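Peer 1: Sending over protein15.csv (CSV, C-alpha atoms and all ligand atoms).
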```csv
chain,number,residue,atom,x,y,z
A,110,MET,CA,40.6,138.9,-22.2
A,111,THR,CA,39.8,139.6,-25.9
A,112,SER,CA,36.7,140.0,-27.9
A,113,LEU,CA,36.2,137.4,-30.6
A,114,GLY,CA,34.1,139.9,-32.4
A,115,ARG,CA,30.8,141.6,-32.0
A,116,VAL,CA,27.2,140.8,-32.6
A,117,GLU,CA,25.6,143.9,-34.0
A,118,SER,CA,22.6,145.5,-35.6
A,119,THR,CA,21.5,149.2,-35.8
A,120,SER,CA,20.1,149.1,-32.3
A,121,PHE,CA,22.7,147.0,-30.4
A,122,SER,CA,26.3,145.9,-30.3
A,123,TYR,CA,27.6,143.2,-28.0
A,124,PRO,CA,31.1,141.7,-27.8
A,125,ILE,CA,31.6,138.0,-27.4
A,126,MET,CA,34.4,137.7,-25.0
A,127,ARG,CA,37.1,135.0,-24.9
A,128,ILE,CA,39.6,134.5,-22.0
A,129,VAL,CA,42.6,132.2,-22.4
A,130,LEU,CA,44.4,131.1,-19.2
A,131,GLY,CA,47.5,128.9,-19.0
A,132,LYS,CA,48.4,129.5,-22.6
A,133,GLY,CA,50.6,126.7,-24.1
A,134,LYS,CA,49.8,124.0,-21.5
A,135,LYS,CA,49.4,120.5,-22.7
A,136,GLY,CA,45.7,120.0,-22.2
A,137,LYS,CA,43.2,122.2,-24.0
A,138,VAL,CA,39.7,122.8,-22.6
A,139,LEU,CA,36.9,125.1,-23.8
A,140,ILE,CA,34.4,126.1,-21.2
A,141,SER,CA,31.4,128.0,-22.5
A,142,GLY,CA,28.1,129.3,-21.3
A,143,GLY,CA,25.1,131.4,-22.3
A,144,ILE,CA,24.4,129.9,-25.7
A,145,HIS,CA,20.8,129.9,-24.6
A,146,GLY,CA,20.3,133.4,-23.3
A,147,ASP,CA,17.7,132.6,-20.7
A,148,GLU,CA,20.1,130.1,-19.0
A,149,PRO,CA,22.2,132.4,-16.8
A,150,THR,CA,23.8,129.9,-14.3
A,151,GLY,CA,26.6,128.9,-16.7
A,152,VAL,CA,27.5,132.5,-17.4
A,153,GLU,CA,27.6,133.2,-13.7
A,154,ALA,CA,29.6,130.1,-13.0
A,155,ILE,CA,32.3,131.0,-15.6
A,156,CYS,CA,32.5,134.6,-14.2
A,157,SER,CA,32.8,133.1,-10.7
A,158,PHE,CA,35.5,130.7,-12.0
A,159,ILE,CA,37.5,133.7,-13.1
A,160,GLU,CA,36.7,136.2,-10.3
A,161,GLN,CA,37.3,133.7,-7.5
A,162,LYS,CA,40.5,132.4,-9.2
A,163,GLU,CA,39.1,128.9,-9.2
A,164,TYR,CA,41.3,128.3,-12.3
A,165,ALA,CA,44.5,128.8,-10.3
A,166,GLU,CA,45.0,125.1,-9.4
A,167,PHE,CA,44.7,124.1,-13.1
A,168,MET,CA,47.2,126.5,-14.6
A,169,GLY,CA,50.0,124.0,-14.6
A,170,LYS,CA,48.0,121.4,-16.6
A,171,TRP,CA,45.4,123.2,-18.8
A,172,GLU,CA,45.2,125.8,-21.4
A,173,MET,CA,41.7,127.1,-20.6
A,174,THR,CA,39.6,128.9,-23.1
A,175,LEU,CA,36.6,130.5,-21.6
A,176,ILE,CA,33.6,132.0,-23.5
A,177,PRO,CA,31.3,133.1,-20.7
A,178,CYS,CA,28.4,134.2,-22.9
A,179,ILE,CA,27.8,133.0,-26.5
A,180,ASN,CA,24.5,134.7,-26.9
A,181,PRO,CA,24.8,138.2,-25.2
A,182,PHE,CA,21.6,139.6,-26.9
A,183,GLY,CA,19.6,136.6,-25.5
A,184,TYR,CA,21.2,137.0,-22.1
A,185,ASP,CA,20.5,140.7,-21.9
A,186,HIS,CA,16.8,140.1,-22.9
A,187,ASP,CA,16.3,136.8,-21.0
A,188,LYS,CA,15.6,134.9,-24.3
A,189,ARG,CA,16.8,131.5,-25.3
A,190,ASN,CA,17.4,132.5,-28.9
A,191,ASN,CA,19.4,135.3,-30.5
A,192,PHE,CA,18.0,138.6,-32.0
A,193,ASP,CA,16.9,136.7,-35.1
A,194,ASP,CA,15.1,134.2,-33.0
A,195,ILE,CA,17.5,131.4,-33.9
A,196,ASP,CA,18.5,128.7,-31.4
A,197,LEU,CA,22.3,128.9,-31.8
A,198,ASN,CA,22.8,125.4,-30.5
A,199,ARG,CA,21.2,124.0,-33.6
A,200,GLN,CA,23.3,125.9,-36.1
A,201,PHE,CA,26.8,124.5,-36.0
A,202,LYS,CA,26.4,122.6,-39.3
A,203,SER,CA,24.9,125.6,-41.2
A,204,PHE,CA,26.7,126.7,-44.3
A,205,VAL,CA,26.0,130.3,-43.3
A,206,PRO,CA,25.9,130.2,-39.5
A,207,PRO,CA,24.7,133.0,-37.3
A,208,ARG,CA,27.5,135.5,-36.3
A,209,GLU,CA,27.7,134.1,-32.8
A,210,VAL,CA,28.2,130.6,-34.0
A,211,ALA,CA,30.9,131.6,-36.6
A,212,LEU,CA,32.8,133.4,-33.8
A,213,VAL,CA,32.7,130.4,-31.6
A,214,GLN,CA,33.8,128.1,-34.5
A,215,SER,CA,36.8,130.3,-34.9
A,216,VAL,CA,38.3,129.1,-31.6
A,217,PHE,CA,38.4,125.5,-32.9
A,218,HIS,CA,41.4,126.2,-35.2
A,219,SER,CA,43.4,123.8,-32.9
A,220,PRO,CA,41.5,120.9,-31.3
A,221,PHE,CA,40.4,120.8,-27.7
A,222,ASP,CA,40.8,117.7,-25.6
A,223,LEU,CA,37.7,118.6,-23.6
A,224,THR,CA,34.7,120.9,-24.0
A,225,LEU,CA,32.3,121.8,-21.2
A,226,GLU,CA,29.1,123.6,-22.1
A,227,LEU,CA,27.0,125.0,-19.3
A,228,HIS,CA,23.2,125.1,-19.5
A,229,ASP,CA,20.1,125.2,-17.3
A,230,ASP,CA,17.0,123.0,-17.6
A,231,VAL,CA,14.0,124.7,-15.9
A,232,ASP,CA,12.1,121.4,-16.1
A,233,SER,CA,14.7,119.3,-14.4
A,234,THR,CA,14.5,118.0,-10.8
A,235,GLY,CA,18.3,118.1,-10.5
A,236,TYR,CA,21.7,118.2,-12.2
A,237,TYR,CA,22.4,116.0,-15.2
A,238,PHE,CA,24.8,116.0,-18.1
A,239,TYR,CA,25.3,114.7,-21.6
A,240,HIS,CA,28.4,113.0,-22.9
A,241,TRP,CA,28.9,113.3,-26.6
A,242,GLY,CA,31.2,110.7,-28.2
A,243,THR,CA,31.6,107.3,-29.7
A,244,SER,CA,34.7,105.5,-28.6
A,245,ASN,CA,36.2,107.6,-25.9
A,246,PHE,CA,33.8,107.1,-23.0
A,247,GLU,CA,35.4,107.3,-19.6
A,248,PRO,CA,32.8,106.1,-17.1
A,249,SER,CA,35.0,106.9,-14.1
A,250,LEU,CA,35.0,110.6,-15.1
A,251,ALA,CA,31.2,110.7,-15.3
A,252,SER,CA,30.8,108.9,-11.9
A,253,LYS,CA,33.3,111.3,-10.3
A,254,ILE,CA,31.4,114.4,-11.6
A,255,ARG,CA,28.2,112.8,-10.4
A,256,GLU,CA,29.6,112.1,-6.9
A,257,GLU,CA,31.0,115.6,-6.5
A,258,VAL,CA,28.0,117.5,-7.8
A,259,LYS,CA,25.5,115.6,-5.7
A,260,LYS,CA,27.1,117.0,-2.6
A,261,ILE,CA,25.7,120.4,-3.8
A,262,MET,CA,22.6,119.7,-5.9
A,263,PRO,CA,20.6,116.4,-6.2
A,264,ILE,CA,21.2,114.5,-9.4
A,265,ASN,CA,18.2,114.0,-11.8
A,266,VAL,CA,17.9,110.2,-11.6
A,267,HIS,CA,14.9,109.8,-13.9
A,268,SER,CA,15.5,107.1,-16.5
A,269,ASP,CA,14.0,109.4,-19.1
A,270,ILE,CA,15.2,113.0,-19.4
A,271,ASP,CA,13.9,115.1,-22.2
A,272,GLY,CA,12.8,112.0,-24.1
A,273,THR,CA,16.2,110.4,-23.9
A,274,HIS,CA,17.4,107.5,-21.8
A,275,ALA,CA,19.5,108.6,-18.8
A,276,ASN,CA,21.6,106.7,-16.4
A,277,ARG,CA,21.7,108.4,-13.0
A,278,GLY,CA,22.0,111.8,-14.5
A,279,LEU,CA,24.2,110.9,-17.5
A,280,ILE,CA,22.9,110.8,-21.0
A,281,GLU,CA,25.1,109.2,-23.6
A,282,ARG,CA,24.9,110.7,-27.0
A,283,GLN,CA,26.7,108.3,-29.3
A,284,ILE,CA,26.1,110.0,-32.6
A,285,ASP,CA,28.3,110.1,-35.6
A,286,PRO,CA,28.3,113.9,-36.6
A,287,GLU,CA,28.3,113.0,-40.3
A,288,LYS,CA,25.0,111.2,-39.9
A,289,ARG,CA,23.1,114.2,-38.5
A,290,ASP,CA,21.9,117.1,-40.6
A,291,TRP,CA,22.1,119.7,-37.8
A,292,TRP,CA,24.7,120.0,-35.1
A,293,PRO,CA,24.7,121.4,-31.6
A,294,MET,CA,28.0,122.8,-30.5
A,295,ALA,CA,29.1,119.5,-29.0
A,296,LEU,CA,28.9,117.7,-32.4
A,297,TYR,CA,30.9,120.5,-34.0
A,298,ALA,CA,33.5,120.0,-31.3
A,299,ARG,CA,33.5,116.2,-32.0
A,300,SER,CA,33.9,116.9,-35.8
A,301,LYS,CA,36.9,119.0,-34.9
A,302,GLY,CA,38.6,116.2,-33.0
A,303,THR,CA,37.5,117.0,-29.4
A,304,ARG,CA,37.8,113.8,-27.4
A,305,TYR,CA,35.3,114.4,-24.7
A,306,CYS,CA,32.4,116.8,-24.8
A,307,LEU,CA,30.1,117.4,-21.8
A,308,THR,CA,26.9,119.4,-21.8
A,309,LEU,CA,26.2,120.2,-18.2
A,310,GLU,CA,22.6,121.1,-17.1
A,311,ALA,CA,21.8,122.7,-13.8
A,312,ALA,CA,18.3,122.8,-12.3
A,313,PRO,CA,17.5,126.5,-11.9
A,314,HIS,CA,14.6,126.0,-9.5
A,315,PHE,CA,17.4,125.8,-7.0
A,316,PRO,CA,18.9,129.2,-6.0
A,317,MET,CA,21.5,130.7,-8.4
A,318,GLU,CA,24.3,130.3,-5.8
A,319,ILE,CA,23.6,126.5,-5.7
A,320,CYS,CA,23.5,126.2,-9.5
A,321,VAL,CA,26.8,128.1,-9.7
A,322,LYS,CA,28.4,125.9,-7.1
A,323,ALA,CA,27.2,122.8,-8.9
A,324,HIS,CA,28.6,123.9,-12.2
A,325,LEU,CA,31.9,124.9,-10.6
A,326,SER,CA,32.1,121.5,-9.0
A,327,ALA,CA,31.5,119.7,-12.3
A,328,ILE,CA,34.1,121.9,-14.1
A,329,LYS,CA,36.7,121.4,-11.4
A,330,THR,CA,36.1,117.6,-11.2
A,331,ALA,CA,36.4,117.3,-14.9
A,332,LEU,CA,39.7,119.3,-15.0
A,333,LYS,CA,41.1,117.4,-12.1
A,334,ASN,CA,40.4,113.9,-13.4
A,335,PHE,CA,40.5,114.1,-17.1
A,336,ILE,CA,43.9,113.2,-18.6
A,337,PRO,CA,44.8,114.8,-21.9
A,338,LYS,CA,46.4,112.3,-24.1
A,339,ARG,CA,48.4,114.5,-26.5
B,401,ZN,ZN,20.4,125.2,-23.0
```
Let me see whether you can do it: turn the structure in this file into structure tokens.

Peer 2:
Amino acid sequence: MTSLGRVESTSFSYPIMRIVLGKGKKGKVLISGGIHGDEPTGVEAICSFIEQKEYAEFMGKWEMTLIPCINPFGYDHDKRNNFDDIDLNRQFKSFVPPREVALVQSVFHSPFDLTLELHDDVDSTGYYFYHWGTSNFEPSLASKIREEVKKIMPINVHSDIDGTHANRGLIERQIDPEKRDWWPMALYARSKGTRYCLTLEAAPHFPMEICVKAHLSAIKTALKNFIPKR
């Protein structure tokens, strides 16, 4: 476990931690949480992934880079944004990105095959996820994640989630990064050559334990079923 660097001011100093498991393995995955500080289920899920050794079965196939908490100030203060009240997940195309974003960008020096970003949506009736991409859609992976997660938490089956068309819990975001003037982390990952980016949203009106299990199920199903091409 290493610190990517620290987020600091005169009154606080937080490290942003990075853990790499299975170094040198063929497939490269980035799993991150806590970019929105008031969405703790992803942070808990990644800690559980490590503590319960849920990663063990994937050590032969994946190099797993884990960043459990991208926004430690927000996490500590139960706030979505960072100390400067910036939504970090809007800043990945900034010329002068916030410190947290710059530290996360530094791990993209070699491309990932897969990125999994863990979030909560307090307004959601159930689990759902975004797939970011243009030509690499693998519907079987989405349906496998859906089938596994729904054993733990219901899927949000509304056809409109957050103003966007959804198909049984899957929102497809087919956006060319170059055509957008701000980027969430997933579009940065796409611009760096990541084939498949999933943003996973738990529904935190369910107990924390259920949310953590749902995220872990989504992570493990993705790692089991996704085939790195390189
Ligand atoms: Zn979020």

Peer 1: Nearest to Ser249 (chain A): which of A:Phe201, A:Thr330, A:Gly131, A:Glu163 is it, counting only C-alpha atoms?

Peer 2: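 The shortest atom-to-atom distance to Ser249 (chain A) comes from A:Thr330.
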
Peer 1: Kindly work out which residues sit at most 7 Å from ligand ZN 401 (chain B), using only C-alpha atoms and all ligand atoms, and give the list as a ChimeraX atom specification.

Peer 2: /A:144-145,148,228-230

Peer 1: Dump C-alpha atoms for the selected residues as an mmCIF file, keeping the file's coordinate frame?

Peer 2:
```
data_model
loop_
_atom_site.group_PDB
_atom_site.id
_atom_site.type_symbol
_atom_site.label_atom_id
_atom_site.label_comp_id
_atom_site.auth_asym_id
_atom_site.auth_seq_id
_atom_site.Cartn_x
_atom_site.Cartn_y
_atom_site.Cartn_z
ATOM 1 C CA ILE A 144 24.400 129.900 -25.700
ATOM 2 C CA HIS A 145 20.800 129.900 -24.600
ATOM 3 C CA GLU A 148 20.100 130.100 -19.000
ATOM 4 C CA HIS A 228 23.200 125.100 -19.500
ATOM 5 C CA ASP A 229 20.100 125.200 -17.300
ATOM 6 C CA ASP A 230 17.000 123.000 -17.600
#
```

Peer 1: Which one is closest to Ile125 (chain A): A:Ser203, A:Asn180, A:Thr150, A:Asn265? Count all atoms listed in the file.

Peer 2: A:Asn180

Peer 1: Counting all atoms listed in the file, write as a count of residues only all protein and nucleic acid residues lying at most 10 Å from (42.3, 121.2, -30.1) in the file's frame.

Peer 2: 19

Peer 1: Please list as a VMD selection string every residue within 12 Å of Ile195 (chain A), counting only C-alpha atoms and excluding residues in the same chain fewer than 3 positions away.

Peer 2: chain A and resid 144 to 146 180 182 to 183 188 to 192 198 to 201 203 206 to 210

Peer 1: Contacts of Glu287 (chain A) at 10 Å or less, counting all atoms listed in the file, minus same-chain residues fewer than 5 places along, as JSON, numbers by chain?

Peer 2: {"A": [202, 292, 296, 300]}

Peer 1: Enter the distance from CA of Gly235 (chain A) to CA of Ile179 (chain A), in Å, rounded to one decimal.

Peer 2: 23.8 Å

Peer 1: Calculate how many Å separate CA of Lys322 (chain A) from CA of Leu227 (chain A), rounding to one decimal.

Peer 2: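 We find that CA of Lys322 (chain A) and CA of Leu227 (chain A) lie 12.3 Å from each other.
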
Peer 1: What is the CA of Trp171 (chain A)-CA of Ile264 (chain A) distance in Å, reported with one decimal?

Peer 2: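 Calculated distance between CA of Trp171 (chain A) and CA of Ile264 (chain A) is 27.4 Å.
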
Peer 1: Counting only C-alpha atoms, figure out which residue out of A:Thr174, A:Lys338, A:Gly169, A:Gly133 gets nearest to Thr111 (chain A).

Peer 2: A:Thr174

Peer 1: Using all atoms listed in the file, pick whichever of A:Glu166, A:Tyr184, A:Tyr236, A:Ile336 has the shortest atom-to-atom distance to Glu153 (chain A).

Peer 2: A:Tyr184

Peer 1: Please provide the set of residues having any atom within 12 Å of region 269-278 of chain A, restricted to all atoms listed in the file, with same-chain residues fewer than 5 positions apart removed, written as a list in words.

Peer 2: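 My reading of the contact set: Asp230, Val231, Asp232, Ser233, Thr234, Gly235, Tyr236, Tyr237, Phe238, Tyr239, His240, Pro248, Ala251, Ser252, Ile254, Arg255, Glu256, Val258, Lys259, Met262, Pro263, Ile264, Gln283, Thr308, Leu309, Glu310, Ala311 and Ala312 of chain A.
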
Peer 1: My list of candidates is A:His324, A:Asp196, A:Gly114, A:Ile176. Which is closest to Pro293 (chain A) when distances are computed with only C-alpha atoms?

Peer 2: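 Closest to Pro293 (chain A) of all the choices is A:Asp196.
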